[in-house]
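Q: Here it is: the structure, laid out below.
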Amino acid sequence: MLTFHNVCSAPSSFQLTGLQSSHLWLVISLSIMYTIALLGNTLIVTVIWMDSTLQEPMYCSLYILAAVDIVMASLVVPKMVSIFSLGDSFISVNACFTQMYFVHAATSVETGLLLAMAFDCYVAICKPLHYKSILTPQVVLGMSVIITIRAIIFMTPLSWMVSHLPFCGSNVVLHSYCGHIAVAKLAYADPMPSSLYSLIGSSITVGSDVAFIAASYNLILQAVFGLSSKNAQLKALSTCGSHVGVMALYYPPGMASIYVAWLGKDIVPLHIQVLLADLYLIIPPTLNPIIYGLRTKQIRE
């Protein structure tokens, strides 16, 4: 008698459908944004690496952020362009799970870095005399390691759960990269455990980071508006203004992408889900170096 495992034949590859049609405007837009992201972030990494005056904790965090942005954009954009322009939509199962792991790990690292940068702003403005004694190289290294470990701890179980689902039916992923929810929906089993783990884990991670960031900025604003000089107030606000801009680019579309994917195409049209998720991964890496390059005097010089 044949068992389920006898008749279940796992696919060797998945087919990414993207937006299901070729869009020249999207290919051109993605190519331009990817080029800006690569050049801008590579420039920031190079400048911070070569300039000995840019060795403060803020620039170390910015260095890592730029490196993560390069990785995140490179994991998805070349394949997106290939899908939309050439119709090259197939990706091996192993490559798909690898892409899924590192894309989601990179987004977890990025939100941790934004929290670290908020803490840097808090110390710089609220405790300027103790800045170097609080944010020592060891503390900065420790924060970076904790952020990375957190991403690994979050993504490893999720990746394991999705990769061990039985895939026997359709191999068509209704997405332009291997997002875990889109892949899990193809399984010949209930995808709810992995999807629920992802939703809860993402909500806790982002929610706690946003809460601590908000607390930091509450203290920062109290300290800033307590200054007697208007010039000092403007200078202090400008110090962290770029960070606020990056958060505005990152958190709203990021969380919207997660919850929209969870709600499903019956509530939110599929092309909106895909476009939102695509832009969430490419817009921050594209604009981060522009924002920091324009607003950070030392890097601009």
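All residue names refer to the structure tokens as shown: chains lettered A, B, ... in order, residues numbered from 1 in each chain, ligands numbered from 1 in order.
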Which residues, written as a list in words, have at least one atom at most 6 Å from region 120-128 of chain A, with only C-alpha atoms counted and residues fewer than 3 positions away on the same chain left out?

A: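 Residues meeting the cut-off are Met117, Tyr131, Ser216 and Ile220 of chain A.
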
Q: Mind dumping the selected residues with all heavy atoms as a CSV table (one decimal), in the first residue's frame?

A:
```csv
chain,number,residue,atom,x,y,z
A,117,MET,N,21.4,52.6,17.1
A,117,MET,CA,21.6,54.0,16.7
A,117,MET,C,20.8,55.0,17.5
A,117,MET,O,21.2,56.1,17.8
A,117,MET,CB,21.4,54.2,15.2
A,117,MET,CG,22.4,53.4,14.3
A,117,MET,SD,21.9,53.2,12.6
A,117,MET,CE,22.4,54.8,11.9
A,131,TYR,N,30.0,60.0,26.9
A,131,TYR,CA,29.7,59.3,25.6
A,131,TYR,C,30.8,58.2,25.4
A,131,TYR,O,30.5,57.0,25.2
A,131,TYR,CB,29.7,60.3,24.5
A,131,TYR,CG,29.4,59.6,23.1
A,131,TYR,CD1,28.1,59.4,22.7
A,131,TYR,CD2,30.5,59.3,22.3
A,131,TYR,CE1,27.9,58.8,21.5
A,131,TYR,CE2,30.2,58.7,21.0
A,131,TYR,CZ,28.9,58.5,20.7
A,131,TYR,OH,28.7,57.9,19.4
A,216,SER,N,13.8,56.2,23.9
A,216,SER,CA,15.0,57.0,23.8
A,216,SER,C,14.7,58.4,23.2
A,216,SER,O,15.3,59.4,23.7
A,216,SER,CB,16.0,56.2,22.8
A,216,SER,OG,16.4,55.0,23.3
A,220,ILE,N,15.4,62.1,24.6
A,220,ILE,CA,16.2,63.0,23.8
A,220,ILE,C,15.4,64.3,23.6
A,220,ILE,O,16.0,65.4,23.8
A,220,ILE,CB,16.5,62.4,22.4
A,220,ILE,CG1,17.5,61.2,22.6
A,220,ILE,CG2,17.0,63.4,21.4
A,220,ILE,CD1,17.6,60.4,21.3
```

Q: Write out as number ranges by chain each polymer residue whose atoms come within 12 Å of Phe225 (chain A), counting only C-alpha atoms; drop sequence neighbours fewer than 3 positions from it.

A: A: 125-126, 217-222, 228-237

Q: Mind dumping a table of every region 34-58 of chain A residue within 12 Å of region 74-79 of chain A, with the nearest atom pair and its distance in Å to one decimal, using only C-alpha atoms, sorted by chain and rising number, as JSON lines?

A:
```
{"residue": "A:Tyr34", "atom": "CA", "partner": "A:Val77", "partner_atom": "CA", "distance": 6.9}
{"residue": "A:Thr35", "atom": "CA", "partner": "A:Val77", "partner_atom": "CA", "distance": 10.1}
{"residue": "A:Ala37", "atom": "CA", "partner": "A:Ser74", "partner_atom": "CA", "distance": 9.4}
{"residue": "A:Leu38", "atom": "CA", "partner": "A:Ser74", "partner_atom": "CA", "distance": 8.4}
{"residue": "A:Asn41", "atom": "CA", "partner": "A:Ser74", "partner_atom": "CA", "distance": 11.8}
```

Q: Which residue gives the smallest distance to Ser82 (chain A) among A:Thr136, A:Ser61, A:Ser176, A:Gln99, with only C-alpha atoms counted?

A: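 Once distances to Ser82 (chain A) are computed over only C-alpha atoms, the minimum belongs to A:Ser176.
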
Q: Determine, counting only C-alpha atoms, which protein, DNA and RNA residues have an atom within 10 Å of an atom of region 24-26 of chain A; residues of the same chain fewer than 5 positions away are not included. Present the result as a list of chain:residue names.

A: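 Using only C-alpha atoms, the neighbours found are A:Leu19, A:Ser31, A:Ile32, A:Met80, A:Val81, A:Phe84, A:Ser85, A:Leu275.
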
Q: Among region 93-190 of chain A, which ones does DSSP assign to helix (DSSP H, G or I) (computed from the backbone)? Answer as a short mmCIF file (atom, residue, chain, number, x, y, z; two decimals) with N, CA, C and O atoms, in the first residue's frame.

A:
```
data_model
loop_
_atom_site.label_atom_id
_atom_site.label_comp_id
_atom_site.auth_asym_id
_atom_site.auth_seq_id
_atom_site.Cartn_x
_atom_site.Cartn_y
_atom_site.Cartn_z
N VAL A 93 15.42 24.83 -5.00
CA VAL A 93 14.85 24.77 -3.66
C VAL A 93 15.86 25.24 -2.62
O VAL A 93 15.54 26.04 -1.73
N ASN A 94 17.10 24.76 -2.73
CA ASN A 94 18.13 25.16 -1.76
C ASN A 94 18.42 26.66 -1.82
O ASN A 94 18.57 27.32 -0.79
N ALA A 95 18.49 27.19 -3.05
CA ALA A 95 18.74 28.64 -3.20
C ALA A 95 17.57 29.43 -2.64
O ALA A 95 17.76 30.50 -2.03
N CYS A 96 16.37 28.91 -2.79
CA CYS A 96 15.17 29.60 -2.28
C CYS A 96 15.21 29.68 -0.76
O CYS A 96 15.00 30.75 -0.18
N PHE A 97 15.50 28.56 -0.11
CA PHE A 97 15.54 28.55 1.36
C PHE A 97 16.71 29.39 1.88
O PHE A 97 16.61 30.03 2.93
N THR A 98 17.82 29.40 1.14
CA THR A 98 18.96 30.23 1.53
C THR A 98 18.61 31.71 1.43
O THR A 98 18.90 32.50 2.33
N GLN A 99 17.96 32.08 0.32
CA GLN A 99 17.52 33.46 0.15
C GLN A 99 16.55 33.86 1.25
O GLN A 99 16.66 34.93 1.85
N MET A 100 15.59 33.00 1.55
CA MET A 100 14.61 33.27 2.59
C MET A 100 15.29 33.52 3.93
O MET A 100 14.96 34.48 4.64
N TYR A 101 16.25 32.66 4.28
CA TYR A 101 16.93 32.77 5.58
C TYR A 101 17.65 34.11 5.70
O TYR A 101 17.47 34.85 6.67
N PHE A 102 18.46 34.44 4.69
CA PHE A 102 19.30 35.63 4.81
C PHE A 102 18.52 36.93 4.62
O PHE A 102 18.88 37.95 5.22
N VAL A 103 17.47 36.91 3.80
CA VAL A 103 16.65 38.13 3.65
C VAL A 103 15.99 38.48 4.98
O VAL A 103 16.06 39.63 5.45
N HIS A 104 15.37 37.50 5.60
CA HIS A 104 14.67 37.78 6.86
C HIS A 104 15.65 38.03 8.01
O HIS A 104 15.37 38.85 8.90
N ALA A 105 16.80 37.37 7.99
CA ALA A 105 17.83 37.64 9.01
C ALA A 105 18.36 39.06 8.86
O ALA A 105 18.57 39.77 9.85
N ALA A 106 18.56 39.49 7.61
CA ALA A 106 19.06 40.85 7.36
C ALA A 106 18.07 41.91 7.84
O ALA A 106 18.47 42.93 8.42
N THR A 107 16.77 41.68 7.65
CA THR A 107 15.79 42.65 8.13
C THR A 107 15.76 42.70 9.65
O THR A 107 15.57 43.77 10.24
N SER A 108 16.00 41.55 10.30
CA SER A 108 16.07 41.53 11.76
C SER A 108 17.30 42.28 12.26
O SER A 108 17.23 43.05 13.23
N VAL A 109 18.43 42.10 11.58
CA VAL A 109 19.65 42.83 11.94
C VAL A 109 19.44 44.33 11.76
O VAL A 109 19.86 45.14 12.59
N GLU A 110 18.75 44.70 10.69
CA GLU A 110 18.56 46.13 10.39
C GLU A 110 17.75 46.83 11.49
O GLU A 110 18.08 47.93 11.92
N THR A 111 16.68 46.19 11.96
CA THR A 111 15.89 46.82 13.02
C THR A 111 16.69 46.91 14.32
O THR A 111 16.57 47.87 15.07
N GLY A 112 17.55 45.91 14.58
CA GLY A 112 18.42 45.98 15.74
C GLY A 112 19.42 47.12 15.65
O GLY A 112 19.72 47.80 16.64
N LEU A 113 19.93 47.36 14.44
CA LEU A 113 20.87 48.47 14.24
C LEU A 113 20.20 49.82 14.44
O LEU A 113 20.80 50.75 14.99
N LEU A 114 18.94 49.94 14.03
CA LEU A 114 18.21 51.19 14.24
C LEU A 114 18.03 51.46 15.74
O LEU A 114 18.11 52.61 16.19
N LEU A 115 17.82 50.39 16.51
CA LEU A 115 17.73 50.54 17.97
C LEU A 115 19.08 50.98 18.54
O LEU A 115 19.14 51.88 19.39
N ALA A 116 20.16 50.36 18.07
CA ALA A 116 21.50 50.73 18.54
C ALA A 116 21.82 52.19 18.22
O ALA A 116 22.42 52.91 19.02
N MET A 117 21.39 52.65 17.05
CA MET A 117 21.64 54.03 16.65
C MET A 117 20.80 55.00 17.48
O MET A 117 21.23 56.13 17.75
N ALA A 118 19.59 54.57 17.88
CA ALA A 118 18.78 55.41 18.77
C ALA A 118 19.45 55.56 20.12
O ALA A 118 19.46 56.64 20.72
N PHE A 119 20.04 54.46 20.61
CA PHE A 119 20.76 54.51 21.88
C PHE A 119 21.98 55.42 21.78
O PHE A 119 22.29 56.18 22.70
N ASP A 120 22.65 55.37 20.63
CA ASP A 120 23.79 56.24 20.39
C ASP A 120 23.38 57.71 20.45
O ASP A 120 24.05 58.54 21.07
N CYS A 121 22.24 58.03 19.81
CA CYS A 121 21.72 59.42 19.85
C CYS A 121 21.39 59.83 21.28
O CYS A 121 21.68 60.96 21.69
N TYR A 122 20.78 58.91 22.03
CA TYR A 122 20.42 59.21 23.41
C TYR A 122 21.66 59.55 24.25
O TYR A 122 21.69 60.56 24.97
N VAL A 123 22.70 58.73 24.12
CA VAL A 123 23.92 58.96 24.91
C VAL A 123 24.59 60.26 24.46
O VAL A 123 25.05 61.06 25.30
N ALA A 124 24.64 60.50 23.14
CA ALA A 124 25.31 61.69 22.60
C ALA A 124 24.65 62.98 23.07
O ALA A 124 25.33 63.98 23.33
N ILE A 125 23.32 62.97 23.21
CA ILE A 125 22.60 64.20 23.56
C ILE A 125 22.34 64.30 25.06
O ILE A 125 22.46 65.38 25.65
N CYS A 126 21.98 63.18 25.68
CA CYS A 126 21.59 63.23 27.11
C CYS A 126 22.78 63.04 28.05
O CYS A 126 22.73 63.51 29.20
N PRO A 128 26.42 63.58 27.10
CA PRO A 128 27.56 63.83 26.19
C PRO A 128 28.92 63.69 26.86
O PRO A 128 29.89 63.27 26.21
N LEU A 129 29.03 64.03 28.15
CA LEU A 129 30.32 63.95 28.84
C LEU A 129 30.75 62.51 29.09
O LEU A 129 31.94 62.25 29.31
N HIS A 130 29.80 61.59 29.05
CA HIS A 130 30.11 60.18 29.32
C HIS A 130 30.04 59.33 28.05
O HIS A 130 30.07 58.10 28.14
N TYR A 131 29.95 60.00 26.90
CA TYR A 131 29.74 59.29 25.65
C TYR A 131 30.80 58.21 25.41
O TYR A 131 30.48 57.04 25.18
N LYS A 132 32.06 58.61 25.49
CA LYS A 132 33.14 57.67 25.16
C LYS A 132 33.33 56.60 26.23
O LYS A 132 33.82 55.50 25.94
N SER A 133 32.94 56.92 27.47
CA SER A 133 33.08 55.92 28.52
C SER A 133 31.93 54.91 28.51
O SER A 133 32.09 53.76 28.96
N ILE A 134 30.76 55.33 27.98
CA ILE A 134 29.62 54.41 27.89
C ILE A 134 29.70 53.57 26.62
O ILE A 134 29.61 52.33 26.67
N PRO A 137 34.46 50.67 22.45
CA PRO A 137 34.50 49.70 21.35
C PRO A 137 33.97 48.32 21.76
O PRO A 137 33.32 47.63 20.96
N GLN A 138 34.22 47.93 23.00
CA GLN A 138 33.74 46.63 23.48
C GLN A 138 32.21 46.60 23.55
O GLN A 138 31.58 45.59 23.19
N VAL A 139 31.61 47.71 24.00
CA VAL A 139 30.15 47.79 24.08
C VAL A 139 29.54 47.75 22.68
O VAL A 139 28.54 47.05 22.43
N VAL A 140 30.14 48.49 21.75
CA VAL A 140 29.63 48.51 20.37
C VAL A 140 29.73 47.12 19.75
O VAL A 140 28.79 46.64 19.09
N LEU A 141 30.86 46.46 19.98
CA LEU A 141 31.03 45.09 19.45
C LEU A 141 30.01 44.16 20.08
O LEU A 141 29.40 43.32 19.39
N GLY A 142 29.80 44.31 21.39
CA GLY A 142 28.82 43.47 22.09
C GLY A 142 27.42 43.65 21.54
O GLY A 142 26.69 42.67 21.34
N MET A 143 27.02 44.91 21.28
CA MET A 143 25.69 45.17 20.72
C MET A 143 25.55 44.53 19.35
O MET A 143 24.51 43.95 19.03
N SER A 144 26.61 44.64 18.54
CA SER A 144 26.57 44.06 17.18
C SER A 144 26.41 42.55 17.24
O SER A 144 25.65 41.96 16.47
N VAL A 145 27.14 41.92 18.17
CA VAL A 145 27.06 40.45 18.31
C VAL A 145 25.67 40.04 18.78
O VAL A 145 25.08 39.08 18.26
N ILE A 146 25.11 40.77 19.75
CA ILE A 146 23.77 40.45 20.26
C ILE A 146 22.72 40.59 19.16
O ILE A 146 21.82 39.75 19.02
N ILE A 147 22.84 41.66 18.36
CA ILE A 147 21.89 41.87 17.26
C ILE A 147 21.95 40.72 16.26
O ILE A 147 20.92 40.21 15.79
N THR A 148 23.17 40.27 15.95
CA THR A 148 23.34 39.17 15.00
C THR A 148 22.80 37.86 15.57
O THR A 148 22.10 37.10 14.88
N ILE A 149 23.12 37.59 16.85
CA ILE A 149 22.64 36.36 17.48
C ILE A 149 21.11 36.34 17.54
O ILE A 149 20.47 35.31 17.32
N ARG A 150 20.53 37.50 17.84
CA ARG A 150 19.06 37.58 17.89
C ARG A 150 18.45 37.21 16.55
O ARG A 150 17.45 36.47 16.48
N ALA A 151 19.05 37.71 15.46
CA ALA A 151 18.54 37.39 14.12
C ALA A 151 18.66 35.89 13.83
O ALA A 151 17.74 35.28 13.27
N ILE A 152 19.77 35.30 14.24
CA ILE A 152 19.98 33.86 14.01
C ILE A 152 18.98 33.04 14.82
O ILE A 152 18.38 32.07 14.32
N ILE A 153 18.78 33.43 16.09
CA ILE A 153 17.85 32.70 16.96
C ILE A 153 16.42 32.78 16.41
O ILE A 153 15.66 31.82 16.49
N PHE A 154 16.07 33.93 15.86
CA PHE A 154 14.72 34.10 15.30
C PHE A 154 14.55 33.31 14.00
O PHE A 154 13.54 32.62 13.79
N MET A 155 15.54 33.39 13.10
CA MET A 155 15.37 32.84 11.76
C MET A 155 15.62 31.33 11.67
O MET A 155 15.00 30.66 10.85
N THR A 156 16.49 30.79 12.51
CA THR A 156 16.83 29.37 12.38
C THR A 156 15.61 28.46 12.57
O THR A 156 15.36 27.58 11.75
N PRO A 157 14.82 28.63 13.64
CA PRO A 157 13.62 27.78 13.77
C PRO A 157 12.62 27.98 12.63
O PRO A 157 12.02 27.02 12.15
N LEU A 158 12.44 29.24 12.21
CA LEU A 158 11.49 29.52 11.13
C LEU A 158 11.94 28.85 9.84
O LEU A 158 11.14 28.21 9.15
N SER A 159 13.22 28.98 9.53
CA SER A 159 13.75 28.36 8.31
C SER A 159 13.62 26.84 8.38
O SER A 159 13.26 26.19 7.38
N TRP A 160 13.88 26.27 9.56
CA TRP A 160 13.77 24.82 9.73
C TRP A 160 12.33 24.38 9.52
O TRP A 160 12.06 23.39 8.83
N MET A 161 11.37 25.10 10.11
CA MET A 161 9.96 24.72 9.99
C MET A 161 9.49 24.74 8.54
O MET A 161 8.82 23.83 8.07
N VAL A 162 9.87 25.81 7.81
CA VAL A 162 9.41 25.93 6.43
C VAL A 162 10.11 24.90 5.54
O VAL A 162 9.47 24.25 4.70
N SER A 163 11.41 24.71 5.72
CA SER A 163 12.15 23.78 4.85
C SER A 163 11.76 22.32 5.07
O SER A 163 11.99 21.48 4.20
N HIS A 180 8.88 33.75 3.34
CA HIS A 180 8.52 32.50 4.01
C HIS A 180 7.03 32.19 3.92
O HIS A 180 6.64 31.04 3.76
N ILE A 181 6.16 33.21 4.02
CA ILE A 181 4.72 32.95 3.97
C ILE A 181 4.32 32.46 2.59
O ILE A 181 3.55 31.50 2.45
N ALA A 182 4.86 33.09 1.54
CA ALA A 182 4.53 32.68 0.17
C ALA A 182 4.98 31.25 -0.10
O ALA A 182 4.28 30.48 -0.77
N VAL A 183 6.15 30.88 0.41
CA VAL A 183 6.67 29.52 0.20
C VAL A 183 5.88 28.51 1.03
O VAL A 183 5.50 27.44 0.55
N ALA A 184 5.61 28.86 2.29
CA ALA A 184 4.90 27.93 3.19
C ALA A 184 3.50 27.60 2.67
O ALA A 184 3.00 26.49 2.90
#
```

Q: Just checking: using only C-alpha atoms, which residue out of A:Ile267, A:Met247, A:Leu276, A:Ala261 ends up closest to Asp209 (chain A)?

A: A:Met247

Q: Determine the nearest neighbour of Val173 (chain A) from the options A:Cys240, A:Val224, A:Ile91, A:Leu281, counting only C-alpha atoms.

A: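 For Val173 (chain A), the nearest of the given residues is A:Ile91.
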
Q: Pick from A:Ala223, A:Leu186, A:Leu279, A:Met255: nearest to Thr205 (chain A), with only C-alpha atoms counted?

A: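 Closest to Thr205 (chain A) of all the choices is A:Met255.
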
Q: I'd like to know which of A:Cys60, A:Leu227, A:Ala248, A:Ala277 is closest to Val260 (chain A), using only C-alpha atoms.

A: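 For Val260 (chain A), the nearest of the given residues is A:Ala277.
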
Q: Would you please work out which residue, of A:Tyr63, A:Ala211, A:Val268, A:Val68, is nearest to Asp51 (chain A) when using only C-alpha atoms?

A: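 Closest to Asp51 (chain A), using only C-alpha atoms: A:Tyr63.
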
Q: What is the CA of Pro284 (chain A) to CA of Val246 (chain A) distance in Å?

A: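 Between these atoms lies a distance of 7.1 Å.
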
Q: Set the distance at 12 Å and use only C-alpha atoms: which residues neighbour Ile290 (chain A) once local chain neighbours fewer than 3 positions away are removed? I'd like the list as a list in words.

A: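 My reading of the contact set: Met33, Ile36, Ala37, Leu38, Leu39, Gly40, Asn41, Thr42, Leu43, Ile44, Ala66, Ser242, Gly245, Val246, Ile283, Pro284, Pro285, Thr286, Leu287, Gly293, Leu294, Arg295, Thr296, Ile299 and Arg300 of chain A.
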
Q: Running DSSP on the backbone, which parts of region 23-178 of chain A land in strand (DSSP E or B), as an MDAnalysis selection string?

A: chainID A and resid 90:92 172:173

Q: In Å, how far is it from CA of Val47 (chain A) to CA of Leu62 (chain A)?

A: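 Separation of CA of Val47 (chain A) and CA of Leu62 (chain A): 11.1 Å.
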